[in-house]
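Chemist: Just so it is clear, I am handing over target_20.tsv, which has TSV, C-alpha atoms and all ligand atoms.
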```
chain	number	residue	atom	x	y	z
A	1	MET	CA	127.91	226.59	187.36
A	2	SER	CA	129.46	225.95	183.98
A	3	ARG	CA	128.53	223.25	181.53
A	4	ALA	CA	131.31	221.30	179.84
A	5	PHE	CA	131.37	220.10	176.25
A	6	ASN	CA	130.79	216.40	176.77
A	7	PHE	CA	131.96	214.25	173.84
A	8	CYS	CA	130.75	211.00	175.42
A	9	ALA	CA	129.39	208.41	172.98
A	10	GLY	CA	126.51	207.70	175.35
A	11	PRO	CA	124.95	208.66	177.60
A	12	ALA	CA	125.63	211.85	175.73
A	13	MET	CA	125.03	215.55	176.11
A	14	LEU	CA	121.44	216.71	176.21
A	15	PRO	CA	120.37	220.18	175.05
A	16	GLU	CA	120.80	222.65	177.87
A	17	ALA	CA	117.34	224.12	177.22
A	18	VAL	CA	115.83	220.68	177.79
A	19	LEU	CA	117.65	220.17	181.07
A	20	LYS	CA	116.58	223.60	182.25
A	21	GLN	CA	112.97	222.94	181.37
A	22	ALA	CA	113.09	219.61	183.21
A	23	GLN	CA	114.63	221.42	186.14
A	24	SER	CA	111.92	224.05	186.22
A	25	GLU	CA	109.24	221.36	186.03
A	26	MET	CA	110.94	218.99	188.44
A	27	LEU	CA	108.89	219.63	191.57
A	28	ASP	CA	105.61	220.69	190.03
A	29	TRP	CA	104.68	219.75	186.49
A	30	ARG	CA	102.35	222.48	185.26
A	31	GLY	CA	100.47	223.01	188.48
A	32	THR	CA	99.85	219.35	189.28
A	33	GLY	CA	101.95	219.57	192.44
A	34	MET	CA	103.89	216.53	191.25
A	35	SER	CA	107.06	215.68	189.41
A	36	VAL	CA	106.52	213.69	186.21
A	37	MET	CA	108.47	210.97	188.02
A	38	GLU	CA	105.69	210.70	190.58
A	39	MET	CA	102.76	210.55	188.18
A	40	SER	CA	100.69	207.51	187.45
A	41	HIS	CA	101.43	206.38	183.93
A	42	ARG	CA	97.65	206.00	183.52
A	43	SER	CA	96.94	209.60	184.53
A	44	ASP	CA	95.56	212.01	181.96
A	45	GLU	CA	98.66	214.16	182.47
A	46	PHE	CA	101.15	211.44	181.69
A	47	VAL	CA	99.12	210.01	178.83
A	48	GLU	CA	99.21	213.49	177.30
A	49	ILE	CA	102.99	213.70	177.76
A	50	ALA	CA	103.40	210.28	176.17
A	51	GLU	CA	101.09	210.95	173.25
A	52	THR	CA	102.65	214.32	172.53
A	53	ALA	CA	106.12	212.78	172.47
A	54	GLU	CA	104.96	210.16	169.98
A	55	LYS	CA	103.20	212.74	167.82
A	56	ASP	CA	106.28	214.96	167.76
A	57	LEU	CA	108.55	212.05	166.90
A	58	ARG	CA	106.21	211.03	164.07
A	59	GLU	CA	106.26	214.57	162.75
A	60	LEU	CA	110.04	214.97	163.04
A	61	ALA	CA	110.94	211.64	161.49
A	62	GLY	CA	108.07	211.50	159.01
A	63	ILE	CA	106.53	208.29	160.37
A	64	SER	CA	103.24	207.36	158.73
A	65	ASP	CA	100.28	205.54	160.27
A	66	ASP	CA	101.55	202.34	158.65
A	67	TYR	CA	104.04	202.19	161.52
A	68	ALA	CA	103.66	201.65	165.25
A	69	VAL	CA	105.98	203.63	167.52
A	70	LEU	CA	106.93	201.80	170.72
A	71	PHE	CA	108.67	203.22	173.77
A	72	MET	CA	110.34	200.16	175.27
A	73	GLN	CA	112.97	199.44	177.90
A	74	GLY	CA	116.23	197.54	178.08
A	75	GLY	CA	118.19	199.72	175.69
A	76	ALA	CA	119.08	198.92	172.11
A	77	SER	CA	120.79	195.72	173.23
A	78	SER	CA	117.51	194.11	174.30
A	79	GLN	CA	116.35	194.56	170.70
A	80	PHE	CA	119.15	192.29	169.51
A	81	SER	CA	117.00	189.45	170.93
A	82	SER	CA	113.54	190.96	170.40
A	83	ILE	CA	114.09	191.35	166.67
A	84	PRO	CA	114.74	187.68	165.84
A	85	LEU	CA	112.10	186.53	168.35
A	86	ASN	CA	109.48	188.76	166.75
A	87	LEU	CA	110.45	188.75	163.11
A	88	LEU	CA	111.81	185.32	162.24
A	89	GLY	CA	108.28	183.92	162.18
A	90	GLU	CA	108.10	180.82	160.00
A	91	LYS	CA	111.44	181.59	158.40
A	92	THR	CA	114.65	179.99	159.55
A	93	SER	CA	117.21	182.61	158.69
A	94	ALA	CA	117.96	186.30	158.69
A	95	ASP	CA	120.58	188.35	156.85
A	96	TYR	CA	122.99	190.60	158.75
A	97	VAL	CA	125.65	193.06	157.63
A	98	ASN	CA	128.77	193.19	159.80
A	99	THR	CA	130.24	196.67	159.98
A	100	GLY	CA	131.66	196.64	163.48
A	101	ILE	CA	131.12	196.01	167.14
A	102	TRP	CA	127.41	196.77	167.34
A	103	SER	CA	126.55	194.65	164.31
A	104	LYS	CA	128.60	191.82	165.78
A	105	LYS	CA	126.63	191.98	169.01
A	106	ALA	CA	123.36	191.91	167.10
A	107	ILE	CA	124.62	188.93	165.07
A	108	ALA	CA	125.75	187.00	168.15
A	109	GLU	CA	122.36	187.40	169.79
A	110	ALA	CA	120.36	186.51	166.67
A	111	LYS	CA	122.33	183.27	166.33
A	112	ARG	CA	120.60	182.04	169.49
A	113	TYR	CA	117.28	182.00	167.64
A	114	GLY	CA	117.97	181.12	164.04
A	115	ASN	CA	120.45	180.94	161.21
A	116	VAL	CA	122.31	184.13	160.59
A	117	ASN	CA	123.81	184.82	157.20
A	118	VAL	CA	126.45	187.49	157.31
A	119	VAL	CA	125.85	188.83	153.83
A	120	ALA	CA	128.60	191.44	153.85
A	121	SER	CA	131.42	192.39	156.15
A	122	ALA	CA	133.62	195.42	156.58
A	123	GLU	CA	136.23	193.26	158.25
A	124	ASP	CA	138.48	192.97	155.17
A	125	SER	CA	138.91	196.74	155.17
A	126	GLY	CA	139.68	196.82	158.89
A	127	PHE	CA	136.17	198.25	159.35
A	128	ALA	CA	137.16	201.36	157.42
A	129	SER	CA	134.86	200.88	154.44
A	130	ILE	CA	131.51	199.28	153.56
A	131	PRO	CA	131.30	196.75	150.73
A	132	ASP	CA	129.21	197.81	147.76
A	133	GLN	CA	125.76	196.32	147.89
A	134	SER	CA	126.30	194.56	144.57
A	135	ALA	CA	128.69	192.22	146.41
A	136	TRP	CA	126.29	191.29	149.20
A	137	THR	CA	125.00	187.73	149.35
A	138	THR	CA	121.47	188.54	150.50
A	139	SER	CA	118.69	185.99	150.23
A	140	ALA	CA	115.08	186.58	149.17
A	141	ASP	CA	114.13	183.96	151.79
A	142	ALA	CA	115.57	185.85	154.71
A	143	ALA	CA	113.09	186.93	157.40
A	144	TYR	CA	114.75	190.36	157.40
A	145	LEU	CA	117.97	192.20	156.58
A	146	HIS	CA	119.65	193.82	159.58
A	147	TYR	CA	122.29	196.54	159.46
A	148	THR	CA	123.82	199.22	161.65
A	149	PRO	CA	123.65	202.55	159.78
A	150	ASN	CA	126.19	204.14	162.11
A	151	GLU	CA	128.80	202.16	164.02
A	152	THR	CA	129.20	204.28	167.11
A	153	ILE	CA	132.52	202.79	168.18
A	154	GLY	CA	134.34	202.56	164.85
A	155	GLY	CA	132.88	205.75	163.39
A	156	LEU	CA	131.78	203.99	160.19
A	157	GLU	CA	128.50	205.18	158.69
A	158	PHE	CA	126.44	204.11	155.68
A	159	ASP	CA	125.94	206.83	153.10
A	160	PHE	CA	123.16	204.79	151.50
A	161	VAL	CA	120.08	202.85	152.56
A	162	PRO	CA	120.40	199.23	151.41
A	163	GLU	CA	117.83	197.92	148.94
A	164	SER	CA	116.15	194.87	150.42
A	165	GLY	CA	113.30	194.25	147.97
A	166	SER	CA	110.43	192.53	149.75
A	167	VAL	CA	112.62	191.50	152.68
A	168	PRO	CA	112.00	193.85	155.64
A	169	LEU	CA	114.93	196.13	156.32
A	170	VAL	CA	115.87	196.42	160.01
A	171	ALA	CA	118.19	199.17	161.26
A	172	ASP	CA	119.92	199.92	164.54
A	173	LEU	CA	119.73	203.70	164.37
A	174	SER	CA	120.83	204.25	167.97
A	175	SER	CA	123.54	206.77	167.24
A	176	THR	CA	122.20	208.50	164.16
A	177	ILE	CA	118.41	208.75	164.50
A	178	LEU	CA	117.09	212.29	163.98
A	179	SER	CA	120.52	213.55	162.94
A	180	ARG	CA	119.28	214.05	159.37
A	181	PRO	CA	116.24	213.19	157.23
A	182	LEU	CA	115.54	209.51	156.58
A	183	ASP	CA	112.89	207.83	154.44
A	184	VAL	CA	111.22	205.67	157.08
A	185	SER	CA	109.05	203.95	154.46
A	186	LYS	CA	112.10	201.98	153.28
A	187	PHE	CA	112.29	200.19	156.62
A	188	GLY	CA	110.46	197.33	158.26
A	189	LEU	CA	111.82	198.18	161.68
A	190	ILE	CA	113.99	200.91	163.14
A	191	TYR	CA	115.24	200.87	166.71
A	192	ALA	CA	117.31	203.31	168.71
A	193	GLY	CA	118.58	203.37	172.26
A	194	ALA	CA	117.76	206.81	173.58
A	195	GLN	CA	121.00	207.92	175.20
A	196	LYS	CA	122.68	209.27	172.07
A	197	ASN	CA	120.23	211.49	170.24
A	198	ILE	CA	116.96	211.16	172.15
A	199	GLY	CA	117.21	211.26	175.93
A	200	PRO	CA	118.19	209.20	178.98
A	201	SER	CA	119.52	205.65	178.74
A	202	GLY	CA	117.34	202.61	179.26
A	203	LEU	CA	114.62	203.79	176.90
A	204	VAL	CA	114.58	202.36	173.40
A	205	VAL	CA	112.35	203.59	170.61
A	206	VAL	CA	111.08	200.99	168.14
A	207	ILE	CA	109.39	202.01	164.89
A	208	ILE	CA	107.80	198.98	163.27
A	209	ARG	CA	105.71	198.55	160.14
A	210	LYS	CA	102.38	197.29	161.39
A	211	ASP	CA	102.21	194.28	159.09
A	212	LEU	CA	105.29	192.90	160.91
A	213	LEU	CA	103.44	192.77	164.23
A	214	GLY	CA	101.90	189.54	165.46
A	215	LYS	CA	104.58	187.15	164.22
A	216	ALA	CA	106.39	186.61	167.53
A	217	ARG	CA	107.42	183.10	168.46
A	218	LYS	CA	105.36	181.67	171.24
A	219	GLU	CA	108.29	181.58	173.65
A	220	THR	CA	108.85	185.33	173.22
A	221	PRO	CA	108.73	187.00	176.64
A	222	THR	CA	105.57	189.10	176.87
A	223	MET	CA	107.61	192.21	177.58
A	224	MET	CA	109.49	191.71	174.30
A	225	ASN	CA	106.45	191.02	172.16
A	226	TYR	CA	105.93	193.98	169.84
A	227	GLN	CA	102.25	193.15	169.33
A	228	VAL	CA	101.61	193.24	173.09
A	229	ILE	CA	103.52	196.49	173.51
A	230	ALA	CA	101.72	198.08	170.55
A	231	ASP	CA	98.27	196.92	171.75
A	232	ASN	CA	98.98	198.52	175.13
A	233	ASP	CA	100.39	201.82	173.82
A	234	SER	CA	103.77	200.87	175.36
A	235	MET	CA	102.11	200.66	178.79
A	236	TYR	CA	101.76	196.91	179.23
A	237	ASN	CA	103.78	197.48	182.38
A	238	THR	CA	104.98	200.72	183.92
A	239	PRO	CA	107.01	202.40	181.20
A	240	ALA	CA	110.15	204.47	181.81
A	241	THR	CA	107.97	207.51	182.40
A	242	TYR	CA	110.59	210.11	183.16
A	243	SER	CA	112.79	209.09	180.24
A	244	TRP	CA	109.77	209.20	177.96
A	245	TYR	CA	108.98	212.72	179.18
A	246	LEU	CA	112.57	213.86	178.60
A	247	ALA	CA	112.55	212.34	175.14
A	248	GLY	CA	109.42	214.40	174.49
A	249	LEU	CA	111.23	217.55	175.57
A	250	VAL	CA	114.08	216.71	173.20
A	251	PHE	CA	111.60	216.24	170.34
A	252	GLN	CA	110.09	219.64	171.06
A	253	TRP	CA	113.55	221.17	171.16
A	254	LEU	CA	114.35	219.57	167.80
A	255	LYS	CA	111.20	221.04	166.30
A	256	GLU	CA	112.18	224.46	167.61
A	257	GLN	CA	115.61	224.07	165.98
A	258	GLY	CA	113.96	223.52	162.62
A	259	GLY	CA	113.68	219.73	162.67
A	260	VAL	CA	115.93	217.10	161.15
A	261	GLN	CA	116.76	219.12	158.03
A	262	ALA	CA	118.23	221.89	160.18
A	263	MET	CA	120.02	219.27	162.26
A	264	ALA	CA	121.48	217.74	159.09
A	265	GLU	CA	122.94	221.08	158.04
A	266	LEU	CA	124.43	221.69	161.47
A	267	ASN	CA	125.72	218.14	161.85
A	268	SER	CA	127.30	217.99	158.45
A	269	ARG	CA	129.04	221.30	159.10
A	270	LYS	CA	130.29	220.15	162.52
A	271	ALA	CA	131.62	216.87	161.15
A	272	LYS	CA	133.22	218.45	158.09
A	273	LYS	CA	135.08	220.98	160.21
A	274	LEU	CA	136.55	218.30	162.41
A	275	TYR	CA	137.47	215.93	159.56
A	276	ASP	CA	138.96	218.78	157.56
A	277	PHE	CA	141.08	219.74	160.51
A	278	ILE	CA	142.22	216.14	161.08
A	279	ASP	CA	143.02	215.65	157.38
A	280	GLY	CA	144.94	218.90	157.26
A	281	SER	CA	147.09	217.92	160.22
A	282	ASP	CA	150.03	215.55	160.16
A	283	PHE	CA	149.61	214.92	163.88
A	284	TYR	CA	146.02	213.55	163.89
A	285	ALA	CA	144.50	210.81	161.76
A	286	ASN	CA	141.14	209.14	161.11
A	287	PRO	CA	141.20	205.76	159.31
A	288	ILE	CA	137.73	205.69	157.75
A	289	ALA	CA	137.16	205.95	153.99
A	290	ALA	CA	135.91	209.49	153.36
A	291	ARG	CA	132.47	208.53	152.11
A	292	PHE	CA	131.74	206.33	155.10
A	293	ARG	CA	132.85	208.70	157.82
A	294	SER	CA	130.36	209.07	160.63
A	295	TRP	CA	128.79	212.45	161.23
A	296	MET	CA	128.18	211.57	164.85
A	297	ASN	CA	131.24	209.69	166.12
A	298	ILE	CA	134.68	210.75	165.01
A	299	PRO	CA	137.55	208.57	166.17
A	300	PHE	CA	141.05	209.92	165.76
A	301	THR	CA	144.56	209.00	166.77
A	302	LEU	CA	147.56	211.08	167.74
A	303	ALA	CA	150.85	210.57	165.92
A	304	ASP	CA	152.30	209.28	169.19
A	305	ASP	CA	150.10	207.12	171.44
A	306	GLY	CA	152.40	208.02	174.30
A	307	LEU	CA	150.80	211.47	174.29
A	308	ASN	CA	147.23	210.20	174.75
A	309	GLY	CA	147.27	210.72	178.51
A	310	ALA	CA	148.53	214.28	178.23
A	311	PHE	CA	146.00	215.04	175.51
A	312	LEU	CA	143.10	213.83	177.64
A	313	LYS	CA	144.34	215.65	180.71
A	314	GLY	CA	144.61	218.95	178.85
A	315	ALA	CA	141.17	218.41	177.31
A	316	ASP	CA	139.58	217.75	180.70
A	317	ALA	CA	141.14	220.90	182.08
A	318	ARG	CA	139.35	222.87	179.34
A	319	GLY	CA	136.00	221.20	179.89
A	320	LEU	CA	136.30	219.00	176.80
A	321	LEU	CA	135.22	215.73	178.36
A	322	ASN	CA	135.12	212.03	177.53
A	323	LEU	CA	137.34	212.09	174.45
A	324	LYS	CA	138.99	208.77	175.22
A	325	GLY	CA	138.33	206.27	172.44
A	326	HIS	CA	136.56	202.97	173.05
A	327	ARG	CA	138.88	200.42	174.64
A	328	SER	CA	138.63	198.20	171.57
A	329	VAL	CA	139.80	200.95	169.20
A	330	GLY	CA	142.10	203.10	171.33
A	331	GLY	CA	143.01	206.69	170.52
A	332	MET	CA	140.31	209.32	170.83
A	333	ARG	CA	136.70	209.64	169.83
A	334	ALA	CA	134.61	212.78	169.66
A	335	SER	CA	130.87	212.08	169.67
A	336	ILE	CA	129.07	215.11	168.33
A	337	TYR	CA	125.36	214.32	168.38
A	338	ASN	CA	122.54	216.81	167.83
A	339	ALA	CA	122.96	218.37	171.27
A	340	MET	CA	126.67	219.17	170.81
A	341	PRO	CA	126.81	222.84	169.85
A	342	GLU	CA	129.05	223.93	167.00
A	343	ALA	CA	131.00	225.94	169.61
A	344	GLY	CA	131.98	222.63	171.22
A	345	VAL	CA	133.52	221.41	167.97
A	346	ASP	CA	135.29	224.75	167.52
A	347	ALA	CA	136.71	224.53	171.05
A	348	LEU	CA	137.90	220.99	170.41
A	349	ILE	CA	139.61	221.94	167.15
A	350	GLN	CA	141.31	224.88	168.81
A	351	TYR	CA	142.61	222.66	171.59
A	352	MET	CA	143.78	219.99	169.11
A	353	ALA	CA	145.66	222.62	167.11
A	354	GLU	CA	147.39	224.00	170.19
A	355	PHE	CA	148.25	220.55	171.48
A	356	ALA	CA	149.77	219.52	168.15
A	357	LYS	CA	151.80	222.70	168.01
A	358	GLU	CA	153.19	222.27	171.52
A	359	ARG	CA	153.70	218.51	171.59
A	360	GLY	CA	153.74	217.39	167.97
B	1	LIG	C1	124.89	202.51	172.12
B	1	LIG	C2	124.51	201.57	171.06
B	1	LIG	C3	123.89	200.33	171.35
B	1	LIG	C4	123.65	199.85	172.75
B	1	LIG	O1	122.69	200.59	173.40
B	1	LIG	P1	122.22	200.17	174.87
B	1	LIG	O2	121.07	201.10	175.07
B	1	LIG	O3	123.36	200.40	175.79
B	1	LIG	O4	121.81	198.75	174.83
B	1	LIG	C5	123.53	199.52	170.29
B	1	LIG	N1	123.76	199.89	169.02
B	1	LIG	C6	124.36	201.07	168.71
B	1	LIG	C7	124.59	201.41	167.28
B	1	LIG	C8	124.75	201.92	169.72
B	1	LIG	O5	125.34	203.09	169.40
```
So that I can check it, write out the structure of this file as structure tokens.
Ligand SMILES: *Cc1c(COP(=O)(O)O)cnc(C)c1O

Modeler:
Amino acid sequence: MSRAFNFCAGPAMLPEAVLKQAQSEMLDWRGTGMSVMEMSHRSDEFVEIAETAEKDLRELAGISDDYAVLFMQGGASSQFSSIPLNLLGEKTSADYVNTGIWSKKAIAEAKRYGNVNVVASAEDSGFASIPDQSAWTTSADAAYLHYTPNETIGGLEFDFVPESGSVPLVADLSSTILSRPLDVSKFGLIYAGAQKNIGPSGLVVVIIRKDLLGKARKETPTMMNYQVIADNDSMYNTPATYSWYLAGLVFQWLKEQGGVQAMAELNSRKAKKLYDFIDGSDFYANPIAARFRSWMNIPFTLADDGLNGAFLKGADARGLLNLKGHRSVGGMRASIYNAMPEAGVDALIQYMAEFAKERG
């Protein structure tokens, strides 16, 4: 059996050590005679798995007791509705920054519940650059300020955390959580779908400052009410137990790698190598302003779109999978999350160089 280098944007590669551990524990988790999948979520065993995962995540990300950590379901997209339902409270409007497709989806959903002020947009730059915060039209009356630190599809990433004063800052960290250190105390709420840097799809991790709990509108579905989920330790209903367990294994793996600081060094090196190669080539191009280039998702085009098919075919043959860009952007995209080894990036660069030499 050989494992490919999978550049999929999500569900993405998981660390091989984690998959092997899950495999070895599949039929019998530590002498219980059961798979984690078959355990009661109320059992001592599963409660320990769940609590350990939360503890490890708190340690890795530096999450203080001022925050609740929720393991919810419905992916990051369900949070596009949960956030306005829970956080608008008495206020009538929220501020949103538009940096690409994921922010637009969050904006569209929030508009169903209140007034959305798009306080800044990357649209004028063709989503290649982020407007300086001095030009944003934020309001001190907003219920919260929402932004997408890393646009997974466009490959546009903030290199700063916006200042939001007393307005809670809300971030969709789906594709960049745990890829480098982050000062959680600057945020009111962080959410992340699991399938990029955490574990299997469906699970979504929500980190919320406790003073923001308890403001949900009365029509908020119980399953989306952060207070209810927090009061029940994310077990108001049956949680996504197996995904939660796998997330826990990923957190342990991250700790063994040296935590988010070690990940940051590795990720910045991986990204720099690939961007340097693209910039040094006259066959490949990436459109994003250098300072806002994503460390995790690197879109690139070939000088001739007519060669895209051949490029992908040759990549597949070498076990370099899922490099096709999102349908809305075209070209290619290499997603290189925490679990993508540096050797995967090296193999990609080598293939790109050979392809350009032969076909360019
Ligand atoms: C993948 C992704 C989403 C959507 O996640 P789902 O779990 O599929 O709902 C939302 N935001 C960002 C930034 C993403 O990368």

Chemist: What lies within 9 Å of segment 247-263 of chain A using only C-alpha atoms, ignoring chain neighbours under 6 positions off, as a PDB file with C-alpha atoms, in the frame of the given file?

Modeler:
```pdb
ATOM      1  CA  LEU A  14     121.440 216.710 176.210  1.00  0.00           C
ATOM      2  CA  PRO A  15     120.370 220.180 175.050  1.00  0.00           C
ATOM      3  CA  ALA A  17     117.340 224.120 177.220  1.00  0.00           C
ATOM      4  CA  VAL A  18     115.830 220.680 177.790  1.00  0.00           C
ATOM      5  CA  LEU A  19     117.650 220.170 181.070  1.00  0.00           C
ATOM      6  CA  GLN A  21     112.970 222.940 181.370  1.00  0.00           C
ATOM      7  CA  ALA A  22     113.090 219.610 183.210  1.00  0.00           C
ATOM      8  CA  ILE A  49     102.990 213.700 177.760  1.00  0.00           C
ATOM      9  CA  ALA A  50     103.400 210.280 176.170  1.00  0.00           C
ATOM     10  CA  THR A  52     102.650 214.320 172.530  1.00  0.00           C
ATOM     11  CA  ALA A  53     106.120 212.780 172.470  1.00  0.00           C
ATOM     12  CA  GLU A  54     104.960 210.160 169.980  1.00  0.00           C
ATOM     13  CA  ASP A  56     106.280 214.960 167.760  1.00  0.00           C
ATOM     14  CA  LEU A  57     108.550 212.050 166.900  1.00  0.00           C
ATOM     15  CA  GLU A  59     106.260 214.570 162.750  1.00  0.00           C
ATOM     16  CA  LEU A  60     110.040 214.970 163.040  1.00  0.00           C
ATOM     17  CA  ALA A  61     110.940 211.640 161.490  1.00  0.00           C
ATOM     18  CA  LEU A 178     117.090 212.290 163.980  1.00  0.00           C
ATOM     19  CA  SER A 179     120.520 213.550 162.940  1.00  0.00           C
ATOM     20  CA  ARG A 180     119.280 214.050 159.370  1.00  0.00           C
ATOM     21  CA  PRO A 181     116.240 213.190 157.230  1.00  0.00           C
ATOM     22  CA  LEU A 182     115.540 209.510 156.580  1.00  0.00           C
ATOM     23  CA  ALA A 194     117.760 206.810 173.580  1.00  0.00           C
ATOM     24  CA  ASN A 197     120.230 211.490 170.240  1.00  0.00           C
ATOM     25  CA  ILE A 198     116.960 211.160 172.150  1.00  0.00           C
ATOM     26  CA  GLY A 199     117.210 211.260 175.930  1.00  0.00           C
ATOM     27  CA  PRO A 200     118.190 209.200 178.980  1.00  0.00           C
ATOM     28  CA  LEU A 203     114.620 203.790 176.900  1.00  0.00           C
ATOM     29  CA  ASN A 338     122.540 216.810 167.830  1.00  0.00           C
TER      30      ASN A 338
END
```

Chemist: Tell me which protein, DNA and RNA residues are within 6 Å of Ala334 of chain A, counting only C-alpha atoms, leaving out same-chain ones fewer than 5 positions away, and put them as an MDAnalysis selection string.

Modeler: chainID A and resid 7 297:298 323

Chemist: Store the residues of this selection in a file with C-alpha atoms, as a tab-separated table (two decimals), in the frame of the given file.

Modeler:
```
chain	number	residue	atom	x	y	z
A	7	PHE	CA	131.96	214.25	173.84
A	297	ASN	CA	131.24	209.69	166.12
A	298	ILE	CA	134.68	210.75	165.01
A	323	LEU	CA	137.34	212.09	174.45
```

Chemist: Could you list, as a list in words, all residues that come within 8 Å of ligand LIG 1 (chain B)? Count only C-alpha atoms and all ligand atoms.

Modeler: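 Result of the 8 Å neighbour search around ligand LIG 1 (chain B): Ala9, Gly10, Gly74, Gly75, Ala76, Ser77, Ser78, Trp102, Ser103, Thr148, Pro149, Asn150, Glu151, Thr152, Ile153, Asp172, Leu173, Ser174, Ser175, Ala192, Gly193, Ala194, Gln195, Lys196, Ser201, Gly202, Leu203 and Val204 of chain A.
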
Chemist: Tell me, as a list in words, which residues lie within 10 Å of Gln133 of chain A, counting only C-alpha atoms; anything in the same chain fewer than 4 positions away does not count.

Modeler: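 Result of the neighbour search: Val119, Ala120, Thr137, Thr138, Phe160, Val161, Pro162 and Glu163 of chain A.
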
Chemist: Measuring between all atoms listed in the file, which one of A:Leu274, A:Ala140, A:Ala315, A:Leu189 shows the shortest distance to Ile349 of chain A?

Modeler: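 Once distances to Ile349 of chain A are computed over all atoms listed in the file, the minimum belongs to A:Leu274.
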
Chemist: Would you mind listing what lies within 9 Å of Ala303 of chain A as JSON, numbers by chain, with all atoms listed in the file counted and same-chain residues fewer than 6 positions away left out?

Modeler: {"A": [282, 283, 284, 285, 360]}

Chemist: With distances taken over only C-alpha atoms, which residue among A:Gly188, A:Pro239, A:Gly62, A:Gly314 lies nearest Ala171 of chain A?

Modeler: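 The shortest atom-to-atom distance to Ala171 of chain A comes from A:Gly188.
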
Chemist: Mind checking which residues fall within 9 Å of Lys270 of chain A, counting all atoms listed in the file, ignoring those fewer than 5 positions away in the same chain, and posting them as a list in words?

Modeler: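 Answer for this query is Glu265, Tyr275, Trp295, Ile336, Pro341, Glu342, Val345 and Asp346 of chain A.
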
Chemist: Using 12 Å as the limit and counting all atoms listed in the file, can you tabulate each residue of segment 107-135 of chain A that touches segment 85-92 of chain A, with its shortest atom-to-atom distance in Å and the two atoms involved, as a tab-separated table?

Modeler:
```
residue	atom	partner	partner_atom	distance
A:Glu109	CA	A:Leu85	CA	10.4
A:Ala110	CA	A:Leu85	CA	8.4
A:Lys111	CA	A:Thr92	CA	10.8
A:Arg112	CA	A:Leu85	CA	9.7
A:Tyr113	CA	A:Leu85	CA	6.9
A:Gly114	CA	A:Thr92	CA	5.7
A:Asn115	CA	A:Thr92	CA	6.1
A:Val116	CA	A:Thr92	CA	8.8
A:Asn117	CA	A:Thr92	CA	10.6
```

Chemist: Could you check the closest approach to Leu212 of chain A for each of A:Asp95, A:Glu354, A:Asp66, A:Asp231 and tell me which residue wins, using all atoms listed in the file?

Modeler: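 So, comparing all the options, the nearest one is A:Asp66.
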
Chemist: Measuring atom to atom with only C-alpha atoms, identify which of A:Ser93, A:Thr220, A:Thr99, A:Ser43 is nearest to Tyr147 of chain A.

Modeler: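 Ranked by minimum distance to Tyr147 of chain A, first place goes to A:Thr99.
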